[in-house]
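J.: Data: coords21.cif, mmCIF, C-alpha atoms.
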```
data_start
#
loop_
_atom_site.label_atom_id
_atom_site.label_comp_id
_atom_site.auth_asym_id
_atom_site.auth_seq_id
_atom_site.Cartn_x
_atom_site.Cartn_y
_atom_site.Cartn_z
CA MET G 1 -4.76 8.87 -7.15
CA SER G 2 -2.84 5.82 -8.21
CA VAL G 3 0.41 3.92 -8.13
CA GLU G 4 1.67 6.21 -10.91
CA GLN G 5 1.54 9.23 -8.58
CA THR G 6 4.50 8.09 -6.55
CA GLY G 7 4.68 11.14 -4.31
CA VAL G 8 1.07 10.92 -3.15
CA ILE G 9 -0.58 8.83 -0.43
CA ASP G 10 -3.67 7.41 -2.15
CA ILE G 11 -5.91 6.47 0.80
CA ILE G 12 -5.58 6.58 4.59
CA SER G 13 -8.22 4.83 6.65
CA THR G 14 -8.82 3.01 9.91
CA ASP G 15 -9.73 -0.67 9.86
CA ARG G 16 -13.04 -0.94 11.72
CA VAL G 17 -12.24 -4.37 13.12
CA THR G 18 -8.59 -4.05 14.18
CA GLY G 19 -8.24 -0.31 14.64
CA HIS G 20 -5.08 -0.42 12.52
CA ILE G 21 -4.27 2.50 10.26
CA VAL G 22 -4.33 1.36 6.62
CA LEU G 23 -2.45 3.19 3.89
CA THR G 24 -3.77 1.92 0.58
CA ILE G 25 -2.05 2.01 -2.80
CA SER G 26 -4.48 1.99 -5.70
CA ASP G 27 -2.82 0.00 -8.49
CA HIS G 28 -4.82 0.04 -11.73
CA LEU G 29 -1.98 -0.99 -14.05
CA ASP G 30 -1.80 -4.22 -15.98
CA TRP G 31 1.41 -6.26 -15.95
CA SER G 32 2.33 -5.93 -19.65
CA ASP G 33 5.58 -4.23 -18.55
CA SER G 34 6.16 -6.05 -15.28
CA THR G 35 9.58 -4.54 -14.61
CA ALA G 36 8.35 -0.94 -14.97
CA HIS G 37 5.27 -1.78 -12.88
CA GLN G 38 7.44 -3.21 -10.10
CA MET G 39 9.65 -0.11 -10.14
CA LEU G 40 6.62 2.18 -9.76
CA LEU G 41 5.29 0.04 -6.94
CA GLN G 42 8.68 0.06 -5.20
CA THR G 43 8.88 3.85 -5.45
CA LYS G 44 5.35 4.20 -4.11
CA LEU G 45 6.01 1.81 -1.20
CA ASN G 46 9.20 3.70 -0.35
CA ARG G 47 7.18 6.92 -0.21
CA TYR G 48 4.63 5.27 2.09
CA LEU G 49 7.37 3.98 4.38
CA ALA G 50 8.97 7.42 4.57
CA PHE G 51 5.56 9.02 5.23
CA VAL G 52 5.21 6.89 8.34
CA GLU G 53 8.82 6.70 9.49
CA ILE G 54 9.33 10.47 9.59
CA ASN G 55 5.94 10.90 11.31
CA GLU G 56 4.52 12.91 8.43
CA ILE G 57 1.43 10.74 8.81
CA LEU G 58 0.65 12.38 12.17
CA GLU G 59 0.35 15.79 10.52
CA SER G 60 -2.44 14.68 8.22
CA TYR G 61 -3.88 11.80 10.26
CA PRO G 62 -3.34 12.34 14.01
CA ASP G 63 -5.40 9.23 14.83
CA ALA G 64 -2.41 7.19 13.66
CA LYS G 65 -0.55 7.93 16.89
CA ASP G 66 0.36 4.69 18.71
CA ARG G 67 -1.50 2.46 16.22
CA LEU G 68 -0.25 -0.38 14.05
CA ILE G 69 0.26 0.67 10.43
CA GLU G 70 -0.67 -1.56 7.50
CA PHE G 71 0.18 -0.97 3.87
CA LYS G 72 -2.36 -2.42 1.48
CA VAL G 73 -1.95 -2.66 -2.27
CA VAL G 74 -5.20 -3.07 -4.19
CA PHE G 75 -4.50 -4.38 -7.67
CA GLN G 76 -6.97 -4.10 -10.52
CA PHE G 77 -5.12 -6.90 -12.31
CA PRO G 78 -3.63 -9.94 -10.59
CA PRO G 79 0.16 -9.67 -10.40
CA ASP G 80 2.10 -11.79 -12.87
CA ASP G 81 4.90 -14.07 -11.66
CA GLY G 82 7.32 -11.14 -11.42
CA GLY G 83 4.79 -9.07 -9.50
CA GLN G 84 4.12 -11.91 -7.08
CA ALA G 85 7.85 -12.38 -6.55
CA PHE G 86 8.22 -8.65 -5.93
CA VAL G 87 5.52 -8.65 -3.24
CA ALA G 88 7.05 -11.75 -1.64
CA LYS G 89 10.44 -10.02 -1.59
CA VAL G 90 9.29 -6.72 -0.09
CA ARG G 91 6.90 -8.17 2.50
CA PRO G 92 9.67 -9.19 4.97
CA ILE G 93 11.36 -5.80 4.48
CA VAL G 94 8.15 -3.94 5.32
CA GLU G 95 7.42 -6.25 8.24
CA SER G 96 10.96 -5.94 9.62
CA ALA G 97 10.31 -2.18 9.80
CA GLY G 98 7.33 -2.91 12.08
CA PHE G 99 4.49 -2.66 9.58
CA LYS G 100 2.16 -5.08 7.82
CA LEU G 101 1.80 -5.50 4.07
CA ARG G 102 -1.40 -6.82 2.55
CA GLU G 103 -2.47 -7.09 -1.03
CA GLU G 104 -5.70 -7.90 -2.79
CA VAL G 105 -7.10 -7.94 -6.28
CA TYR G 106 -10.14 -5.71 -6.61
CA THR G 107 -13.09 -7.79 -7.73
CA GLY G 108 -15.86 -5.20 -7.68
CA ALA G 109 -17.88 -3.15 -5.27
CA ARG G 110 -18.66 -4.44 -1.81
CA LEU G 111 -21.61 -3.35 0.26
CA ASN G 112 -21.21 -2.92 4.02
#
```
So that I can check it, write out the structure of this file as structure tokens.
T.:
Amino acid sequence: MSVEQTGVIDIISTDRVTGHIVLTISDHLDWSDSTAHQMLLQTKLNRYLAFVEINEILESYPDAKDRLIEFKVVFQFPPDDGGQAFVAKVRPIVESAGFKLREEVYTGARLN
């Protein structure tokens, strides 16, 4: 699954340290068409927000009940200036809805 599949939740997990439920977006796209990339990401984030806000998450992940929800975008390529501005713009919107937004650039496999 990926950012291009806007109707799909890519990954749901529980953070081992915080106990928060993490909904991860897997973003493998480069930023050669930053505007189109941002639109896909916006559509995907809107889907994630709806998934949580209408409690659809509880149907597929009952452990989410009464837990803090985090959205995490894992980029394969670092966002360009437009991508960084997009994330900065949507972060307060996501947080005002009661959720957290994190992002990271994937740098390779990690061993636990």
J.: Pick out the closest residue to Met1 of chain G from this set: G:Lys44, G:Val22, G:Ile54, G:Arg16. Count only C-alpha atoms.
T.: G:Lys44
J.: Which residues would end up in the selection if the PyMOL selection byres ((chain G and resi 3-8) around 8) were applied here, given that I need the answer as a PyMOL selection string?
T.: chain G and resi 1-2+9-10+25-28+40-41+43-44+47
J.: Kindly save the residues from that selection, with C-alpha atoms included, as a CSV table (one decimal), keeping the file's coordinate frame.
T.:
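For reference, selection_13.csv as written:
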```csv
chain,number,residue,atom,x,y,z
G,1,MET,CA,-4.8,8.9,-7.2
G,2,SER,CA,-2.8,5.8,-8.2
G,9,ILE,CA,-0.6,8.8,-0.4
G,10,ASP,CA,-3.7,7.4,-2.2
G,25,ILE,CA,-2.0,2.0,-2.8
G,26,SER,CA,-4.5,2.0,-5.7
G,27,ASP,CA,-2.8,0.0,-8.5
G,28,HIS,CA,-4.8,0.0,-11.7
G,40,LEU,CA,6.6,2.2,-9.8
G,41,LEU,CA,5.3,0.0,-6.9
G,43,THR,CA,8.9,3.8,-5.4
G,44,LYS,CA,5.4,4.2,-4.1
G,47,ARG,CA,7.2,6.9,-0.2
```
J.: Determine, counting all atoms listed in the file, which protein, DNA and RNA residues have an atom within 10 Å of an atom of Gly98 of chain G; residues of the same chain fewer than 5 positions away are not included. Present the result as number ranges by chain.
T.: G: 68-70, 92-93
J.: Around (-5.0, -11.9, -1.1) in the file's frame, which residues reach within 12 Å when counting only C-alpha atoms? Return as a PyMOL selection string?
T.: chain G and resi 72-75+78-79+84+87+101-107
J.: Can you tell me how far atom CA of Gln76 of chain G sits from atom CA of Glu95 of chain G, in Å to one decimal?
T.: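 These atoms are spaced 23.7 Å apart.
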J.: Closest to Asn46 of chain G among G:Gly108, G:Ala64, G:Val94, G:Lys89, using all atoms listed in the file?
T.: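 Checking each of G:Gly108, G:Ala64, G:Val94, G:Lys89 against Asn46 of chain G, counting all atoms listed in the file, the winner is G:Val94.
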J.: One decimal, Å: what's the distance from atom CA of Lys100 of chain G over to atom CA of Ser32 of chain G, could you say?
T.: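 Spanning atom CA of Lys100 of chain G to atom CA of Ser32 of chain G is a straight-line distance of 27.5 Å.
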J.: Select all residues near (-5.4, 3.3, 6.2) (cut-off 7 Å, inclusive, file coordinates), counting only C-alpha atoms, and output them as a list in words.
T.: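 Neighbouring residues, ordered by chain and number, come to Ile11, Ile12, Ser13, Thr14, Asp15, Ile21, Val22, Leu23, Thr24 and Glu70 of chain G.
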J.: Quote the spacing between atom CA of Leu58 of chain G and atom CA of Gln42 of chain G in Å to one decimal place.
T.: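 Rounded to one decimal, the two atoms are 22.8 Å apart.
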J.: Specify the axis-aligned box that encloses all atoms of segment 97-101 of chain G listed in the file after padding of 8 Å on each side, stating its centre and edge lengths in Å to one decimal as AutoDock Vina command-line options.
T.:
```
--center_x 6.1 --center_y -3.8 --center_z 8.1 --size_x 24.5 --size_y 19.3 --size_z 24.0
```
J.: Which residue, G:Gly82, G:Leu45, G:Phe77, G:Val52, has the smallest gap to Lys65 of chain G when you use all atoms listed in the file?
T.: G:Val52
J.: Given the choices G:Ser34, G:Thr18, G:Ser60, G:Asn55, which gets closest to Ala85 of chain G if the distance is worked out from all atoms listed in the file?
T.: G:Ser34
J.: Kindly add N, CA and C atoms to the incomplete segment 48-83 of chain G and provide the output as a PDB file, keeping the file's coordinate frame.
T.:
```pdb
ATOM      1  N   TYR G  48       5.508   5.598   0.969  1.00  0.00           N
ATOM      2  CA  TYR G  48       4.630   5.270   2.090  1.00  0.00           C
ATOM      3  C   TYR G  48       5.438   5.016   3.359  1.00  0.00           C
ATOM      4  N   LEU G  49       6.521   4.265   3.220  1.00  0.00           N
ATOM      5  CA  LEU G  49       7.370   3.980   4.380  1.00  0.00           C
ATOM      6  C   LEU G  49       7.938   5.282   4.961  1.00  0.00           C
ATOM      7  N   ALA G  50       8.420   6.154   4.104  1.00  0.00           N
ATOM      8  CA  ALA G  50       8.970   7.420   4.570  1.00  0.00           C
ATOM      9  C   ALA G  50       7.885   8.264   5.245  1.00  0.00           C
ATOM     10  N   PHE G  51       6.696   8.273   4.689  1.00  0.00           N
ATOM     11  CA  PHE G  51       5.560   9.020   5.230  1.00  0.00           C
ATOM     12  C   PHE G  51       5.307   8.648   6.684  1.00  0.00           C
ATOM     13  N   VAL G  52       5.446   7.365   6.982  1.00  0.00           N
ATOM     14  CA  VAL G  52       5.210   6.890   8.340  1.00  0.00           C
ATOM     15  C   VAL G  52       6.455   7.067   9.208  1.00  0.00           C
ATOM     16  N   GLU G  53       7.603   6.703   8.678  1.00  0.00           N
ATOM     17  CA  GLU G  53       8.820   6.700   9.490  1.00  0.00           C
ATOM     18  C   GLU G  53       9.251   8.090   9.939  1.00  0.00           C
ATOM     19  N   ILE G  54       8.961   9.120   9.156  1.00  0.00           N
ATOM     20  CA  ILE G  54       9.330  10.470   9.590  1.00  0.00           C
ATOM     21  C   ILE G  54       8.150  11.188  10.263  1.00  0.00           C
ATOM     22  N   ASN G  55       7.128  10.412  10.595  1.00  0.00           N
ATOM     23  CA  ASN G  55       5.940  10.900  11.310  1.00  0.00           C
ATOM     24  C   ASN G  55       5.134  11.941  10.551  1.00  0.00           C
ATOM     25  N   GLU G  56       5.329  12.011   9.257  1.00  0.00           N
ATOM     26  CA  GLU G  56       4.520  12.910   8.430  1.00  0.00           C
ATOM     27  C   GLU G  56       3.044  12.518   8.512  1.00  0.00           C
ATOM     28  N   ILE G  57       2.798  11.239   8.714  1.00  0.00           N
ATOM     29  CA  ILE G  57       1.430  10.740   8.810  1.00  0.00           C
ATOM     30  C   ILE G  57       0.657  11.449   9.924  1.00  0.00           C
ATOM     31  N   LEU G  58       1.336  11.769  11.024  1.00  0.00           N
ATOM     32  CA  LEU G  58       0.650  12.380  12.170  1.00  0.00           C
ATOM     33  C   LEU G  58       0.164  13.793  11.863  1.00  0.00           C
ATOM     34  N   GLU G  59       0.795  14.454  10.916  1.00  0.00           N
ATOM     35  CA  GLU G  59       0.350  15.790  10.520  1.00  0.00           C
ATOM     36  C   GLU G  59      -0.992  15.756   9.819  1.00  0.00           C
ATOM     37  N   SER G  60      -1.190  14.752   8.982  1.00  0.00           N
ATOM     38  CA  SER G  60      -2.440  14.680   8.220  1.00  0.00           C
ATOM     39  C   SER G  60      -3.449  13.697   8.805  1.00  0.00           C
ATOM     40  N   TYR G  61      -2.985  12.805   9.679  1.00  0.00           N
ATOM     41  CA  TYR G  61      -3.880  11.800  10.260  1.00  0.00           C
ATOM     42  C   TYR G  61      -3.461  11.544  11.710  1.00  0.00           C
ATOM     43  N   PRO G  62      -3.788  12.465  12.617  1.00  0.00           N
ATOM     44  CA  PRO G  62      -3.340  12.340  14.010  1.00  0.00           C
ATOM     45  C   PRO G  62      -3.817  11.068  14.700  1.00  0.00           C
ATOM     46  N   ASP G  63      -4.908  10.469  14.227  1.00  0.00           N
ATOM     47  CA  ASP G  63      -5.400   9.230  14.830  1.00  0.00           C
ATOM     48  C   ASP G  63      -4.415   8.072  14.682  1.00  0.00           C
ATOM     49  N   ALA G  64      -3.389   8.250  13.874  1.00  0.00           N
ATOM     50  CA  ALA G  64      -2.410   7.190  13.660  1.00  0.00           C
ATOM     51  C   ALA G  64      -1.466   7.013  14.852  1.00  0.00           C
ATOM     52  N   LYS G  65      -1.469   7.981  15.754  1.00  0.00           N
ATOM     53  CA  LYS G  65      -0.550   7.930  16.890  1.00  0.00           C
ATOM     54  C   LYS G  65      -0.760   6.637  17.694  1.00  0.00           C
ATOM     55  N   ASP G  66       0.337   5.914  17.897  1.00  0.00           N
ATOM     56  CA  ASP G  66       0.360   4.690  18.710  1.00  0.00           C
ATOM     57  C   ASP G  66      -0.494   3.552  18.137  1.00  0.00           C
ATOM     58  N   ARG G  67      -0.733   3.550  16.849  1.00  0.00           N
ATOM     59  CA  ARG G  67      -1.500   2.460  16.220  1.00  0.00           C
ATOM     60  C   ARG G  67      -0.618   1.705  15.232  1.00  0.00           C
ATOM     61  N   LEU G  68      -0.948   0.436  15.035  1.00  0.00           N
ATOM     62  CA  LEU G  68      -0.250  -0.380  14.050  1.00  0.00           C
ATOM     63  C   LEU G  68      -0.584   0.138  12.647  1.00  0.00           C
ATOM     64  N   ILE G  69       0.426   0.203  11.806  1.00  0.00           N
ATOM     65  CA  ILE G  69       0.260   0.670  10.430  1.00  0.00           C
ATOM     66  C   ILE G  69       0.309  -0.511   9.481  1.00  0.00           C
ATOM     67  N   GLU G  70      -0.641  -0.550   8.568  1.00  0.00           N
ATOM     68  CA  GLU G  70      -0.670  -1.560   7.500  1.00  0.00           C
ATOM     69  C   GLU G  70      -0.597  -0.848   6.162  1.00  0.00           C
ATOM     70  N   PHE G  71       0.178  -1.423   5.261  1.00  0.00           N
ATOM     71  CA  PHE G  71       0.180  -0.970   3.870  1.00  0.00           C
ATOM     72  C   PHE G  71      -0.613  -2.004   3.090  1.00  0.00           C
ATOM     73  N   LYS G  72      -1.516  -1.522   2.267  1.00  0.00           N
ATOM     74  CA  LYS G  72      -2.360  -2.420   1.480  1.00  0.00           C
ATOM     75  C   LYS G  72      -2.280  -1.989   0.025  1.00  0.00           C
ATOM     76  N   VAL G  73      -1.974  -2.935  -0.841  1.00  0.00           N
ATOM     77  CA  VAL G  73      -1.950  -2.660  -2.270  1.00  0.00           C
ATOM     78  C   VAL G  73      -3.183  -3.326  -2.867  1.00  0.00           C
ATOM     79  N   VAL G  74      -4.014  -2.532  -3.523  1.00  0.00           N
ATOM     80  CA  VAL G  74      -5.200  -3.070  -4.190  1.00  0.00           C
ATOM     81  C   VAL G  74      -4.928  -3.034  -5.682  1.00  0.00           C
ATOM     82  N   PHE G  75      -4.794  -4.229  -6.247  1.00  0.00           N
ATOM     83  CA  PHE G  75      -4.500  -4.380  -7.670  1.00  0.00           C
ATOM     84  C   PHE G  75      -5.797  -4.502  -8.455  1.00  0.00           C
ATOM     85  N   GLN G  76      -5.849  -3.872  -9.603  1.00  0.00           N
ATOM     86  CA  GLN G  76      -6.970  -4.100 -10.520  1.00  0.00           C
ATOM     87  C   GLN G  76      -6.743  -5.397 -11.283  1.00  0.00           C
ATOM     88  N   PHE G  77      -5.476  -5.688 -11.574  1.00  0.00           N
ATOM     89  CA  PHE G  77      -5.120  -6.900 -12.310  1.00  0.00           C
ATOM     90  C   PHE G  77      -4.226  -7.769 -11.429  1.00  0.00           C
ATOM     91  N   PRO G  78      -4.478  -9.064 -11.403  1.00  0.00           N
ATOM     92  CA  PRO G  78      -3.630  -9.940 -10.590  1.00  0.00           C
ATOM     93  C   PRO G  78      -2.168  -9.824 -11.017  1.00  0.00           C
ATOM     94  N   PRO G  79      -1.260  -9.746 -10.050  1.00  0.00           N
ATOM     95  CA  PRO G  79       0.160  -9.670 -10.400  1.00  0.00           C
ATOM     96  C   PRO G  79       0.620 -10.904 -11.174  1.00  0.00           C
ATOM     97  N   ASP G  80       1.494 -10.673 -12.148  1.00  0.00           N
ATOM     98  CA  ASP G  80       2.100 -11.790 -12.870  1.00  0.00           C
ATOM     99  C   ASP G  80       3.151 -12.421 -11.964  1.00  0.00           C
ATOM    100  N   ASP G  81       3.897 -13.390 -12.480  1.00  0.00           N
ATOM    101  CA  ASP G  81       4.900 -14.070 -11.660  1.00  0.00           C
ATOM    102  C   ASP G  81       5.918 -13.090 -11.080  1.00  0.00           C
ATOM    103  N   GLY G  82       6.364 -12.132 -11.900  1.00  0.00           N
ATOM    104  CA  GLY G  82       7.320 -11.140 -11.420  1.00  0.00           C
ATOM    105  C   GLY G  82       6.725 -10.256 -10.336  1.00  0.00           C
ATOM    106  N   GLY G  83       5.475  -9.885 -10.499  1.00  0.00           N
ATOM    107  CA  GLY G  83       4.790  -9.070  -9.500  1.00  0.00           C
ATOM    108  C   GLY G  83       4.609  -9.816  -8.184  1.00  0.00           C
TER     109      GLY G  83
END
```
